[in-house]
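So this block is my_file.tsv, TSV, C-alpha atoms and all ligand atoms:
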chain	number	residue	atom	x	y	z
A	1	MET	CA	46.52	49.98	12.66
A	2	LYS	CA	47.67	46.85	14.48
A	3	ILE	CA	48.04	43.88	12.11
A	4	LEU	CA	48.41	40.33	13.41
A	5	LEU	CA	50.08	38.13	10.79
A	6	THR	CA	50.07	34.36	11.37
A	7	GLY	CA	52.18	31.82	9.48
A	8	CYS	CA	54.95	34.37	8.88
A	9	ASN	CA	57.49	31.75	7.76
A	10	GLY	CA	55.42	30.30	4.92
A	11	GLN	CA	55.82	31.26	1.26
A	12	VAL	CA	53.10	33.91	1.42
A	13	GLY	CA	53.57	34.75	5.11
A	14	TRP	CA	57.25	35.59	4.67
A	15	GLU	CA	56.44	38.06	1.89
A	16	LEU	CA	53.55	39.54	3.90
A	17	ALA	CA	55.85	40.18	6.86
A	18	ARG	CA	57.61	42.66	4.56
A	19	THR	CA	54.89	44.12	2.35
A	20	LEU	CA	52.49	44.87	5.22
A	21	LEU	CA	55.06	46.94	7.13
A	22	PRO	CA	54.09	50.39	5.74
A	23	LEU	CA	50.45	49.84	6.71
A	24	GLY	CA	50.84	49.80	10.46
A	25	GLU	CA	52.29	47.88	13.39
A	26	VAL	CA	52.82	44.32	12.15
A	27	ILE	CA	52.97	41.55	14.73
A	28	ALA	CA	54.26	38.60	12.73
A	29	LEU	CA	53.96	35.23	14.45
A	30	ASN	CA	55.41	31.89	13.40
A	31	ARG	CA	54.18	28.39	14.22
A	32	GLU	CA	55.76	28.39	17.70
A	33	GLN	CA	54.31	31.80	18.57
A	34	ALA	CA	50.81	31.04	17.23
A	35	ASP	CA	50.36	27.28	17.03
A	36	PHE	CA	47.07	26.48	15.30
A	37	SER	CA	46.98	23.03	16.87
A	38	ASN	CA	46.43	24.63	20.29
A	39	LEU	CA	43.08	26.39	19.89
A	40	GLU	CA	42.76	27.89	23.35
A	41	LYS	CA	46.29	29.27	23.29
A	42	LEU	CA	45.65	30.69	19.82
A	43	ARG	CA	42.49	32.38	21.11
A	44	ALA	CA	44.36	33.83	24.09
A	45	THR	CA	47.12	35.13	21.80
A	46	VAL	CA	44.62	37.06	19.67
A	47	GLN	CA	42.90	38.40	22.78
A	48	THR	CA	46.22	39.63	24.19
A	49	ILE	CA	47.31	41.33	20.96
A	50	GLN	CA	43.89	42.89	20.20
A	51	PRO	CA	44.60	43.45	16.49
A	52	ASP	CA	42.59	45.67	14.14
A	53	VAL	CA	43.36	43.27	11.31
A	54	ILE	CA	44.26	39.57	11.23
A	55	VAL	CA	46.04	38.28	8.12
A	56	ASN	CA	46.13	34.50	8.24
A	57	ALA	CA	48.87	32.96	6.11
A	58	ALA	CA	49.17	29.82	8.25
A	59	ALA	CA	47.68	26.63	6.86
A	60	TYR	CA	48.07	22.89	6.67
A	61	THR	CA	49.27	22.69	3.04
A	62	ALA	CA	50.50	19.07	2.74
A	63	VAL	CA	47.87	18.12	0.15
A	64	ASP	CA	48.79	14.43	-0.15
A	65	LYS	CA	49.55	13.87	3.53
A	66	ALA	CA	46.14	15.30	4.38
A	67	GLU	CA	44.55	12.17	2.90
A	68	THR	CA	45.83	10.29	5.98
A	69	GLU	CA	45.84	13.24	8.43
A	70	ARG	CA	42.26	14.40	8.07
A	71	GLU	CA	41.88	15.46	11.70
A	72	LEU	CA	45.01	17.58	11.69
A	73	ALA	CA	44.12	19.21	8.37
A	74	PHE	CA	40.68	20.19	9.75
A	75	LEU	CA	42.17	21.35	13.06
A	76	ILE	CA	44.52	23.80	11.31
A	77	ASN	CA	42.45	24.76	8.25
A	78	THR	CA	38.98	24.84	9.81
A	79	GLN	CA	38.87	24.86	13.62
A	80	ALA	CA	41.77	27.28	14.15
A	81	VAL	CA	40.41	29.51	11.39
A	82	GLU	CA	37.04	29.50	13.16
A	83	VAL	CA	38.78	30.67	16.35
A	84	LEU	CA	40.42	33.55	14.44
A	85	ALA	CA	37.07	34.50	12.93
A	86	GLN	CA	35.28	34.40	16.31
A	87	GLU	CA	37.94	36.59	17.89
A	88	ALA	CA	37.92	38.96	14.90
A	89	LYS	CA	34.16	39.34	15.36
A	90	LYS	CA	34.56	40.16	19.08
A	91	LEU	CA	37.28	42.73	18.35
A	92	ASN	CA	35.55	44.18	15.27
A	93	ALA	CA	38.76	43.29	13.43
A	94	LEU	CA	39.03	42.54	9.71
A	95	LEU	CA	40.08	38.96	8.89
A	96	ILE	CA	42.02	38.37	5.68
A	97	HIS	CA	42.39	34.69	4.89
A	98	TYR	CA	43.70	32.61	1.98
A	99	SER	CA	41.96	29.74	0.29
A	100	THR	CA	42.43	27.64	-2.78
A	101	ASP	CA	41.16	26.48	-6.17
A	102	TYR	CA	41.02	23.00	-4.58
A	103	VAL	CA	37.56	23.92	-3.26
A	104	PHE	CA	36.44	23.16	-6.86
A	105	ASP	CA	36.36	19.83	-8.68
A	106	GLY	CA	37.87	21.28	-11.86
A	107	THR	CA	35.17	20.04	-14.22
A	108	LYS	CA	34.15	23.54	-15.40
A	109	ASP	CA	35.32	24.31	-18.92
A	110	ALA	CA	36.27	27.93	-18.14
A	111	PRO	CA	37.85	29.93	-15.28
A	112	TYR	CA	35.93	29.64	-12.01
A	113	TYR	CA	34.05	32.59	-10.56
A	114	GLU	CA	33.90	33.07	-6.80
A	115	ASN	CA	30.27	31.98	-6.54
A	116	ASP	CA	30.54	28.84	-8.68
A	117	ALA	CA	29.51	25.63	-6.93
A	118	THR	CA	32.27	24.09	-4.80
A	119	ASN	CA	33.01	20.37	-4.69
A	120	PRO	CA	36.48	19.55	-3.33
A	121	LEU	CA	38.17	16.38	-4.60
A	122	ASN	CA	40.49	15.90	-1.63
A	123	ILE	CA	40.68	16.31	2.15
A	124	TYR	CA	42.86	19.42	1.99
A	125	GLY	CA	40.23	21.05	-0.26
A	126	GLU	CA	37.44	19.96	2.10
A	127	SER	CA	39.27	21.41	5.10
A	128	LYS	CA	39.93	24.71	3.30
A	129	LEU	CA	36.29	24.96	2.19
A	130	ALA	CA	35.11	24.30	5.75
A	131	GLY	CA	37.48	27.07	6.89
A	132	GLU	CA	35.88	29.48	4.41
A	133	GLN	CA	32.44	28.52	5.69
A	134	ALA	CA	33.46	29.01	9.34
A	135	ILE	CA	34.58	32.54	8.49
A	136	GLN	CA	31.42	33.30	6.52
A	137	THR	CA	29.14	32.26	9.37
A	138	SER	CA	31.18	34.03	12.11
A	139	GLY	CA	29.73	37.49	11.51
A	140	ALA	CA	33.24	38.99	11.30
A	141	ASP	CA	34.30	41.37	8.52
A	142	TYR	CA	36.34	39.19	6.18
A	143	LEU	CA	38.06	38.91	2.83
A	144	ILE	CA	38.87	35.40	1.63
A	145	LEU	CA	41.45	35.39	-1.16
A	146	ARG	CA	41.53	32.20	-3.23
A	147	THR	CA	44.83	31.58	-4.94
A	148	THR	CA	46.52	28.83	-6.99
A	149	TRP	CA	49.85	27.13	-7.73
A	150	VAL	CA	51.96	29.30	-5.39
A	151	PHE	CA	55.69	29.66	-6.02
A	152	ALA	CA	58.33	31.66	-4.20
A	153	SER	CA	62.06	31.97	-3.78
A	154	ARG	CA	61.65	30.39	-0.33
A	155	GLY	CA	60.01	27.17	0.80
A	156	GLN	CA	59.15	24.02	-1.12
A	157	ASN	CA	57.50	24.63	-4.46
A	158	PHE	CA	57.34	23.57	-8.11
A	159	VAL	CA	59.84	26.18	-9.38
A	160	LYS	CA	62.53	25.08	-6.96
A	161	SER	CA	61.84	21.39	-7.66
A	162	ILE	CA	62.13	21.89	-11.43
A	163	LEU	CA	65.38	23.89	-11.10
A	164	ARG	CA	66.84	21.04	-9.04
A	165	LEU	CA	65.54	18.25	-11.28
A	166	ALA	CA	66.60	19.99	-14.51
A	167	ALA	CA	70.13	20.25	-13.14
A	168	GLU	CA	70.18	16.54	-12.28
A	169	ARG	CA	68.24	14.79	-15.08
A	170	GLU	CA	68.34	14.83	-18.87
A	171	GLU	CA	64.69	13.88	-19.16
A	172	LEU	CA	61.68	14.93	-17.10
A	173	ASN	CA	58.03	13.79	-17.28
A	174	ILE	CA	55.53	16.45	-16.20
A	175	VAL	CA	51.74	16.40	-16.03
A	176	ALA	CA	50.16	18.28	-18.93
A	177	ASP	CA	46.42	17.84	-18.35
A	178	GLN	CA	45.97	20.08	-15.30
A	179	ILE	CA	45.76	23.81	-16.05
A	180	GLY	CA	46.03	26.83	-13.80
A	181	ALA	CA	47.89	30.06	-13.16
A	182	PRO	CA	51.19	29.87	-11.26
A	183	THR	CA	51.12	32.70	-8.72
A	184	TRP	CA	54.14	34.35	-7.08
A	185	ALA	CA	53.91	34.63	-3.30
A	186	ARG	CA	55.16	38.22	-3.54
A	187	LEU	CA	52.31	39.13	-5.88
A	188	ILE	CA	49.86	37.67	-3.36
A	189	ALA	CA	51.43	39.66	-0.53
A	190	GLU	CA	51.59	42.94	-2.44
A	191	THR	CA	48.05	42.56	-3.72
A	192	THR	CA	46.94	41.82	-0.16
A	193	ALA	CA	48.56	45.06	1.05
A	194	HIS	CA	46.65	47.07	-1.59
A	195	ILE	CA	43.42	45.29	-0.74
A	196	LEU	CA	43.92	45.82	2.98
A	197	LYS	CA	44.49	49.56	2.54
A	198	HIS	CA	41.38	49.82	0.37
A	199	ALA	CA	39.29	47.72	2.76
A	200	GLN	CA	40.27	49.73	5.82
A	201	GLN	CA	39.20	52.93	4.07
A	202	GLU	CA	35.87	51.27	3.22
A	203	ARG	CA	35.46	50.24	6.85
A	204	VAL	CA	35.97	53.84	7.96
A	205	THR	CA	33.32	55.08	5.52
A	206	LYS	CA	31.03	52.11	6.36
A	207	THR	CA	31.04	50.93	2.74
A	208	PHE	CA	32.91	47.70	3.40
A	209	ALA	CA	31.40	44.39	2.33
A	210	SER	CA	32.90	41.00	3.16
A	211	GLY	CA	33.49	38.55	0.33
A	212	ILE	CA	35.54	35.95	-1.49
A	213	TYR	CA	37.97	37.09	-4.20
A	214	ASN	CA	40.14	35.13	-6.60
A	215	LEU	CA	43.76	36.30	-6.48
A	216	THR	CA	46.02	34.72	-9.11
A	217	SER	CA	48.37	35.78	-11.89
A	218	SER	CA	46.82	36.30	-15.30
A	219	GLY	CA	47.26	33.74	-18.06
A	220	GLU	CA	47.19	29.99	-17.78
A	221	THR	CA	49.37	26.96	-18.40
A	222	SER	CA	49.76	23.30	-17.50
A	223	TRP	CA	52.37	21.96	-15.05
A	224	HIS	CA	54.25	20.84	-18.17
A	225	GLY	CA	54.08	24.33	-19.74
A	226	PHE	CA	55.16	25.82	-16.42
A	227	ALA	CA	58.17	23.47	-16.21
A	228	GLU	CA	59.22	24.28	-19.79
A	229	LYS	CA	59.02	28.02	-19.10
A	230	ILE	CA	61.03	27.69	-15.85
A	231	VAL	CA	63.84	25.91	-17.71
A	232	GLU	CA	63.68	28.28	-20.70
A	233	LEU	CA	63.81	31.46	-18.59
A	234	ALA	CA	66.40	30.06	-16.19
A	235	ARG	CA	68.67	29.16	-19.14
A	236	LEU	CA	68.50	32.80	-20.25
A	237	GLN	CA	69.76	33.66	-16.79
A	238	ASN	CA	72.71	31.27	-17.22
A	239	TYR	CA	71.45	28.44	-15.04
A	240	GLU	CA	73.24	25.23	-16.04
A	241	PHE	CA	71.05	22.20	-16.68
A	242	LYS	CA	71.56	18.60	-17.81
A	243	ASN	CA	67.96	18.56	-18.99
A	244	ARG	CA	67.31	17.97	-22.71
A	245	VAL	CA	63.63	17.14	-22.83
A	246	ILE	CA	60.47	17.61	-20.78
A	247	ASN	CA	57.83	15.07	-21.76
A	248	PRO	CA	54.12	15.87	-21.30
A	249	ILE	CA	52.34	13.08	-19.41
A	250	PRO	CA	48.73	12.58	-18.27
A	251	THR	CA	47.78	12.80	-14.59
A	252	SER	CA	47.02	9.07	-14.73
A	253	ALA	CA	50.74	8.39	-15.33
A	254	TYR	CA	51.71	10.22	-12.11
A	255	PRO	CA	49.35	8.94	-9.42
A	256	LEU	CA	49.32	10.80	-6.09
A	257	PRO	CA	47.31	10.13	-2.92
A	258	ALA	CA	45.14	13.27	-3.34
A	259	LYS	CA	43.11	13.88	-6.49
A	260	ARG	CA	43.68	17.26	-8.17
A	261	PRO	CA	41.26	19.35	-10.25
A	262	ALA	CA	42.02	19.32	-14.00
A	263	ASN	CA	40.95	22.97	-14.26
A	264	SER	CA	42.37	25.28	-11.59
A	265	ARG	CA	41.77	28.52	-13.49
A	266	LEU	CA	40.16	31.30	-11.41
A	267	SER	CA	38.74	34.51	-12.89
A	268	THR	CA	40.14	37.66	-11.26
A	269	GLU	CA	37.51	39.99	-12.79
A	270	ARG	CA	35.89	40.58	-9.44
A	271	LEU	CA	39.18	41.58	-7.79
A	272	THR	CA	39.88	44.06	-10.59
A	273	GLN	CA	36.37	45.53	-10.37
A	274	ARG	CA	36.42	46.21	-6.64
A	275	PHE	CA	40.07	47.00	-5.95
A	276	GLY	CA	41.22	48.34	-9.34
A	277	LEU	CA	44.13	45.90	-9.46
A	278	ILE	CA	45.32	44.28	-12.68
A	279	MET	CA	47.10	40.99	-12.27
A	280	PRO	CA	50.40	40.56	-14.16
A	281	THR	CA	51.12	37.42	-16.20
A	282	TRP	CA	52.61	34.39	-14.49
A	283	GLU	CA	55.55	34.50	-16.94
A	284	ASP	CA	56.51	38.06	-15.93
A	285	THR	CA	56.46	37.23	-12.24
A	286	LEU	CA	58.32	33.94	-12.81
A	287	LYS	CA	61.12	35.90	-14.49
A	288	LEU	CA	61.42	38.16	-11.43
A	289	CYS	CA	61.39	35.24	-9.03
A	290	LEU	CA	64.12	33.42	-11.00
A	291	GLU	CA	66.29	36.56	-11.02
A	292	GLU	CA	65.98	36.67	-7.28
A	293	LEU	CA	66.75	32.96	-6.88
A	294	LYS	CA	69.85	33.27	-9.02
A	301	LIG	N1	51.01	26.59	-1.92
A	301	LIG	C1	50.06	26.59	-2.84
A	301	LIG	O1	50.27	26.17	-3.99
A	301	LIG	C2	48.69	27.14	-2.51
A	301	LIG	C3	47.68	27.07	-3.50
A	301	LIG	C4	46.43	27.60	-3.20
A	301	LIG	C5	46.18	28.17	-1.97
A	301	LIG	N2	47.17	28.20	-1.02
A	301	LIG	C6	46.87	28.81	0.28
A	301	LIG	O2	47.68	29.97	0.43
A	301	LIG	C7	48.00	30.17	1.81
A	301	LIG	C8	49.50	30.32	1.99
A	301	LIG	O3	50.13	29.13	1.52
A	301	LIG	P1	51.71	28.96	1.40
A	301	LIG	O4	51.99	28.46	0.04
A	301	LIG	O5	52.37	30.19	1.90
A	301	LIG	O6	51.90	27.76	2.43
A	301	LIG	P2	53.20	27.28	3.20
A	301	LIG	O7	54.42	27.82	2.53
A	301	LIG	O8	53.04	25.82	3.38
A	301	LIG	O9	53.06	28.02	4.59
A	301	LIG	C9	52.12	27.64	5.53
A	301	LIG	C10	52.58	28.16	6.87
A	301	LIG	O10	51.65	27.65	7.84
A	301	LIG	C11	52.39	27.27	8.96
A	301	LIG	N3	51.74	26.23	9.74
A	301	LIG	C12	51.53	24.93	9.45
A	301	LIG	N4	50.98	24.30	10.48
A	301	LIG	C13	50.82	25.23	11.45
A	301	LIG	C14	50.32	25.20	12.77
A	301	LIG	N5	49.90	24.06	13.34
A	301	LIG	N6	50.29	26.34	13.47
A	301	LIG	C15	50.76	27.51	12.95
A	301	LIG	N7	51.27	27.59	11.72
A	301	LIG	C16	51.30	26.46	10.98
A	301	LIG	C17	53.72	26.74	8.42
A	301	LIG	O11	54.67	26.78	9.46
A	301	LIG	P3	56.17	26.22	9.30
A	301	LIG	O12	56.88	27.29	8.51
A	301	LIG	O13	56.64	26.11	10.69
A	301	LIG	O14	56.03	24.93	8.57
A	301	LIG	C18	53.97	27.71	7.28
A	301	LIG	O15	54.74	28.80	7.73
A	301	LIG	C19	47.40	28.97	2.56
A	301	LIG	O16	46.16	29.33	3.08
A	301	LIG	C20	47.20	27.93	1.46
A	301	LIG	O17	46.15	27.03	1.77
A	301	LIG	C21	48.42	27.73	-1.28
Would you mind giving the structure from this file in structure tokens?
Ligand SMILES: NC(=O)c1ccc[n+]([C@@H]2O[C@H](COP(=O)([O-])OP(=O)(O)OC[C@H]3O[C@@H](n4cnc5c(N)ncnc54)[C@H](OP(=O)(O)O)[C@@H]3O)[C@@H](O)[C@H]2O)c1
Amino acid sequence: MKILLTGCNGQVGWELARTLLPLGEVIALNREQADFSNLEKLRATVQTIQPDVIVNAAAYTAVDKAETERELAFLINTQAVEVLAQEAKKLNALLIHYSTDYVFDGTKDAPYYENDATNPLNIYGESKLAGEQAIQTSGADYLILRTTWVFASRGQNFVKSILRLAAEREELNIVADQIGAPTWARLIAETTAHILKHAQQERVTKTFASGIYNLTSSGETSWHGFAEKIVELARLQNYEFKNRVINPIPTSAYPLPAKRPANSRLSTERLTQRFGLIMPTWEDTLKLCLEELK
């Protein structure tokens, strides 16, 4: 099986470049090798490689910047994704793609199911939703995996920011009225590898069905609860911090250009039913990530 992986230097892409290796020949391309802002070159790259599977971990993920870079966000998250889907259809390749809880407005009072009504609050969410729709209408075999609050030992993310800030500041103010499930990039990559293996077997036996699946850790917390747990677990691992207190604040006290959903919880029932995978808690995976960072 020839697997084309795009975005191989991102949080999730970097992990995928490792976890996909036992499944076949992995051709892992970074931004220079597969630039999503050059659609025709991207198309030609896929045509040259002729993959059996495309795993797309590349995305425009600058949520706040997207508010002023709408065109670029749509180019990367929608138009380039449409090109991948069109080429996957021509090659009869499977397309695995990642999406986000930001396709929802967060007003539901419970975890979101895959088929709940979407209503993005920001441009990034709109561009990711349009990317999902381009895949769904392409006719290609696809799996769209929606995830949330990604952290990793590489790249820019909340865990690394809190470790830095807790070392520098005695007091931190963190938003407490947005809830979700922090999800380790390695968990996303390893779950993807299991799903891919399962899906390829289904494709052989002609039992495969395309669909959207939520892929997050189990459990839930707020950004404030997440920050407290990062500091608590890191202290147990002998990290040294100046921090004494983490104050819970409302979203209104920390205004950002892009609006965020208050409820980012996604139900993973459907993933468990089809693929037999049980998602670990965000705390357990956070502990592992911190050990690695140390
Ligand atoms: N991060 C989150 O909290 C979060 C939450 C929900 C869903 N997701 C989704 O999960 C997936 C993986 O996200 P992530 O956290 O791994 O994101 P990330 O760390 O920001 O990685 C995105 C990757 O896309 C690449 N990229 C950006 N512009 C590109 C372009 N024009 N052409 C080719 N590649 C380009 C980046 O390249 P460089 O390395 O060169 O910058 C980077 O390697 C994405 O689909 C994202 O929308 C993420």
Hey, which residues sit close to ligand LIG 301 (chain A)? Say within 8 Å, counting only C-alpha atoms and all ligand atoms, and write them as a PyMOL selection string.
chain A and resi 6-14+30-38+56-62+76-77+97-102+128+146-151+155-157+185
Could you take the residues named above and write them with C-alpha atoms, as a PDB file, in the frame of the given file?
ATOM      1  CA  THR A   6      50.070  34.360  11.370  1.00  0.00           C
ATOM      2  CA  GLY A   7      52.180  31.820   9.480  1.00  0.00           C
ATOM      3  CA  CYS A   8      54.950  34.370   8.880  1.00  0.00           C
ATOM      4  CA  ASN A   9      57.490  31.750   7.760  1.00  0.00           C
ATOM      5  CA  GLY A  10      55.420  30.300   4.920  1.00  0.00           C
ATOM      6  CA  GLN A  11      55.820  31.260   1.260  1.00  0.00           C
ATOM      7  CA  VAL A  12      53.100  33.910   1.420  1.00  0.00           C
ATOM      8  CA  GLY A  13      53.570  34.750   5.110  1.00  0.00           C
ATOM      9  CA  TRP A  14      57.250  35.590   4.670  1.00  0.00           C
ATOM     10  CA  ASN A  30      55.410  31.890  13.400  1.00  0.00           C
ATOM     11  CA  ARG A  31      54.180  28.390  14.220  1.00  0.00           C
ATOM     12  CA  GLU A  32      55.760  28.390  17.700  1.00  0.00           C
ATOM     13  CA  GLN A  33      54.310  31.800  18.570  1.00  0.00           C
ATOM     14  CA  ALA A  34      50.810  31.040  17.230  1.00  0.00           C
ATOM     15  CA  ASP A  35      50.360  27.280  17.030  1.00  0.00           C
ATOM     16  CA  PHE A  36      47.070  26.480  15.300  1.00  0.00           C
ATOM     17  CA  SER A  37      46.980  23.030  16.870  1.00  0.00           C
ATOM     18  CA  ASN A  38      46.430  24.630  20.290  1.00  0.00           C
ATOM     19  CA  ASN A  56      46.130  34.500   8.240  1.00  0.00           C
ATOM     20  CA  ALA A  57      48.870  32.960   6.110  1.00  0.00           C
ATOM     21  CA  ALA A  58      49.170  29.820   8.250  1.00  0.00           C
ATOM     22  CA  ALA A  59      47.680  26.630   6.860  1.00  0.00           C
ATOM     23  CA  TYR A  60      48.070  22.890   6.670  1.00  0.00           C
ATOM     24  CA  THR A  61      49.270  22.690   3.040  1.00  0.00           C
ATOM     25  CA  ALA A  62      50.500  19.070   2.740  1.00  0.00           C
ATOM     26  CA  ILE A  76      44.520  23.800  11.310  1.00  0.00           C
ATOM     27  CA  ASN A  77      42.450  24.760   8.250  1.00  0.00           C
ATOM     28  CA  HIS A  97      42.390  34.690   4.890  1.00  0.00           C
ATOM     29  CA  TYR A  98      43.700  32.610   1.980  1.00  0.00           C
ATOM     30  CA  SER A  99      41.960  29.740   0.290  1.00  0.00           C
ATOM     31  CA  THR A 100      42.430  27.640  -2.780  1.00  0.00           C
ATOM     32  CA  ASP A 101      41.160  26.480  -6.170  1.00  0.00           C
ATOM     33  CA  TYR A 102      41.020  23.000  -4.580  1.00  0.00           C
ATOM     34  CA  LYS A 128      39.930  24.710   3.300  1.00  0.00           C
ATOM     35  CA  ARG A 146      41.530  32.200  -3.230  1.00  0.00           C
ATOM     36  CA  THR A 147      44.830  31.580  -4.940  1.00  0.00           C
ATOM     37  CA  THR A 148      46.520  28.830  -6.990  1.00  0.00           C
ATOM     38  CA  TRP A 149      49.850  27.130  -7.730  1.00  0.00           C
ATOM     39  CA  VAL A 150      51.960  29.300  -5.390  1.00  0.00           C
ATOM     40  CA  PHE A 151      55.690  29.660  -6.020  1.00  0.00           C
ATOM     41  CA  GLY A 155      60.010  27.170   0.800  1.00  0.00           C
ATOM     42  CA  GLN A 156      59.150  24.020  -1.120  1.00  0.00           C
ATOM     43  CA  ASN A 157      57.500  24.630  -4.460  1.00  0.00           C
ATOM     44  CA  ALA A 185      53.910  34.630  -3.300  1.00  0.00           C
TER      45      ALA A 185
END
So which one's closest to Gly131 in chain A, A:Gln47, A:Ser267, A:Gln79, A:Ser252? Using only C-alpha atoms, please.
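Smallest distance to Gly131 in chain A is found for A:Gln79.
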Please report the interatomic distance between CA of Gly180 in chain A and CA of Gln133 in chain A in Å with one decimal.
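Between CA of Gly180 in chain A and CA of Gln133 in chain A the gap works out to 23.8 Å.
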Might you pull out every residue within 8 Å of Arg169 in chain A, with all atoms listed in the file counted and same-chain residues fewer than 3 positions away left off, and present them as a ChimeraX atom specification?
/A:165-166,172,242-243
Between CA of Lys294 in chain A and CA of Val245 in chain A, distance in Å (one decimal)
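Distance reported for this atom pair: 22.1 Å.
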Have a look at CA of Leu256 in chain A and CA of Asp177 in chain A and let me know their distance in Å, one decimal.
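About the pair CA of Leu256 in chain A and CA of Asp177 in chain A: they are 14.4 Å apart.
Ranking A:Phe104, A:Pro51, A:Val175, A:Ala130 by their shortest atom-to-atom distance to Ala253 in chain A, with only C-alpha atoms included, puts A:Val175 first.
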Find the spatial neighbours of Asn115 in chain A, counting only C-alpha atoms, within a cut-off of 12 Å - ignore same-chain residues fewer than 2 positions away - and output them as an MDAnalysis selection string.
chainID A and resid 103:104 111:113 117:118 146 211:214 266:267 270
Quick one: write out the picked residues with C-alpha atoms as a compact mmCIF listing (two decimals), in the coordinates of the input?
# COMPACT_ATOMS: atom_id res chain seq x y z
CA VAL A 103 37.56 23.92 -3.26
CA PHE A 104 36.44 23.16 -6.86
CA PRO A 111 37.85 29.93 -15.28
CA TYR A 112 35.93 29.64 -12.01
CA TYR A 113 34.05 32.59 -10.56
CA ALA A 117 29.51 25.63 -6.93
CA THR A 118 32.27 24.09 -4.80
CA ARG A 146 41.53 32.20 -3.23
CA GLY A 211 33.49 38.55 0.33
CA ILE A 212 35.54 35.95 -1.49
CA TYR A 213 37.97 37.09 -4.20
CA ASN A 214 40.14 35.13 -6.60
CA LEU A 266 40.16 31.30 -11.41
CA SER A 267 38.74 34.51 -12.89
CA ARG A 270 35.89 40.58 -9.44
At most 6 Å is the cut-off: for each residue in range 167-266 of chain A with any atom that close to an atom of range 272-285 of chain A, write down the nearest atom pair and the distance in Å rounded to one decimal, counting all atoms listed in the file, chain first then increasing number, as a tab-separated table.
residue	atom	partner	partner_atom	distance
A:Pro182	CA	A:Trp282	CA	5.7
A:Ser217	CA	A:Trp282	CA	5.2
A:Ser218	CA	A:Thr281	CA	4.5
A:Gly219	CA	A:Thr281	CA	5.6
Minimum-distance residue to Gly106 in chain A, chosen among A:Ala262, A:Met1, A:Leu121, A:Ile179 (using only C-alpha atoms):
A:Ala262
Would you pick out the contacts of His198 in chain A at 12 Å or less, using all atoms listed in the file, so that residues sharing its chain but fewer than 4 positions from it are not included, and give the list as a PyMOL selection string?
chain A and resi 23+143+191-194+202-205+207-209+271+274-277
Put the listed atoms of range 216-225 of chain A in a box along x, y and z with 6 Å added on every side and give me the centre and edge lengths in Å to one decimal, as AutoDock Vina command-line options.
--center_x 50.1 --center_y 28.6 --center_z -14.4 --size_x 20.2 --size_y 27.5 --size_z 22.6
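Closest approach to Leu233 in chain A among A:Ala110, A:Leu163, A:Leu95, A:Val83 is made by A:Leu163 (distances from only C-alpha atoms).
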Out of A:Ala73, A:Ile54, A:Ala85, A:Ala176, which residue has the shortest atom-to-atom distance to Gly125 in chain A when counting all atoms listed in the file?
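The shortest atom-to-atom distance to Gly125 in chain A comes from A:Ala73.
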With distances taken over all atoms listed in the file, which residue among A:Ala152, A:Leu21, A:Leu4, A:Leu236 lies nearest Leu84 in chain A?
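For Leu84 in chain A, the nearest of the given residues is A:Leu4.
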Determine, counting only C-alpha atoms, every residue of protein, DNA or RNA that lies within 6 Å of (41.6, 44.1, 2.4) in the file coordinates, then give the result as JSON, numbers by chain.
{"A": [195, 196, 199]}
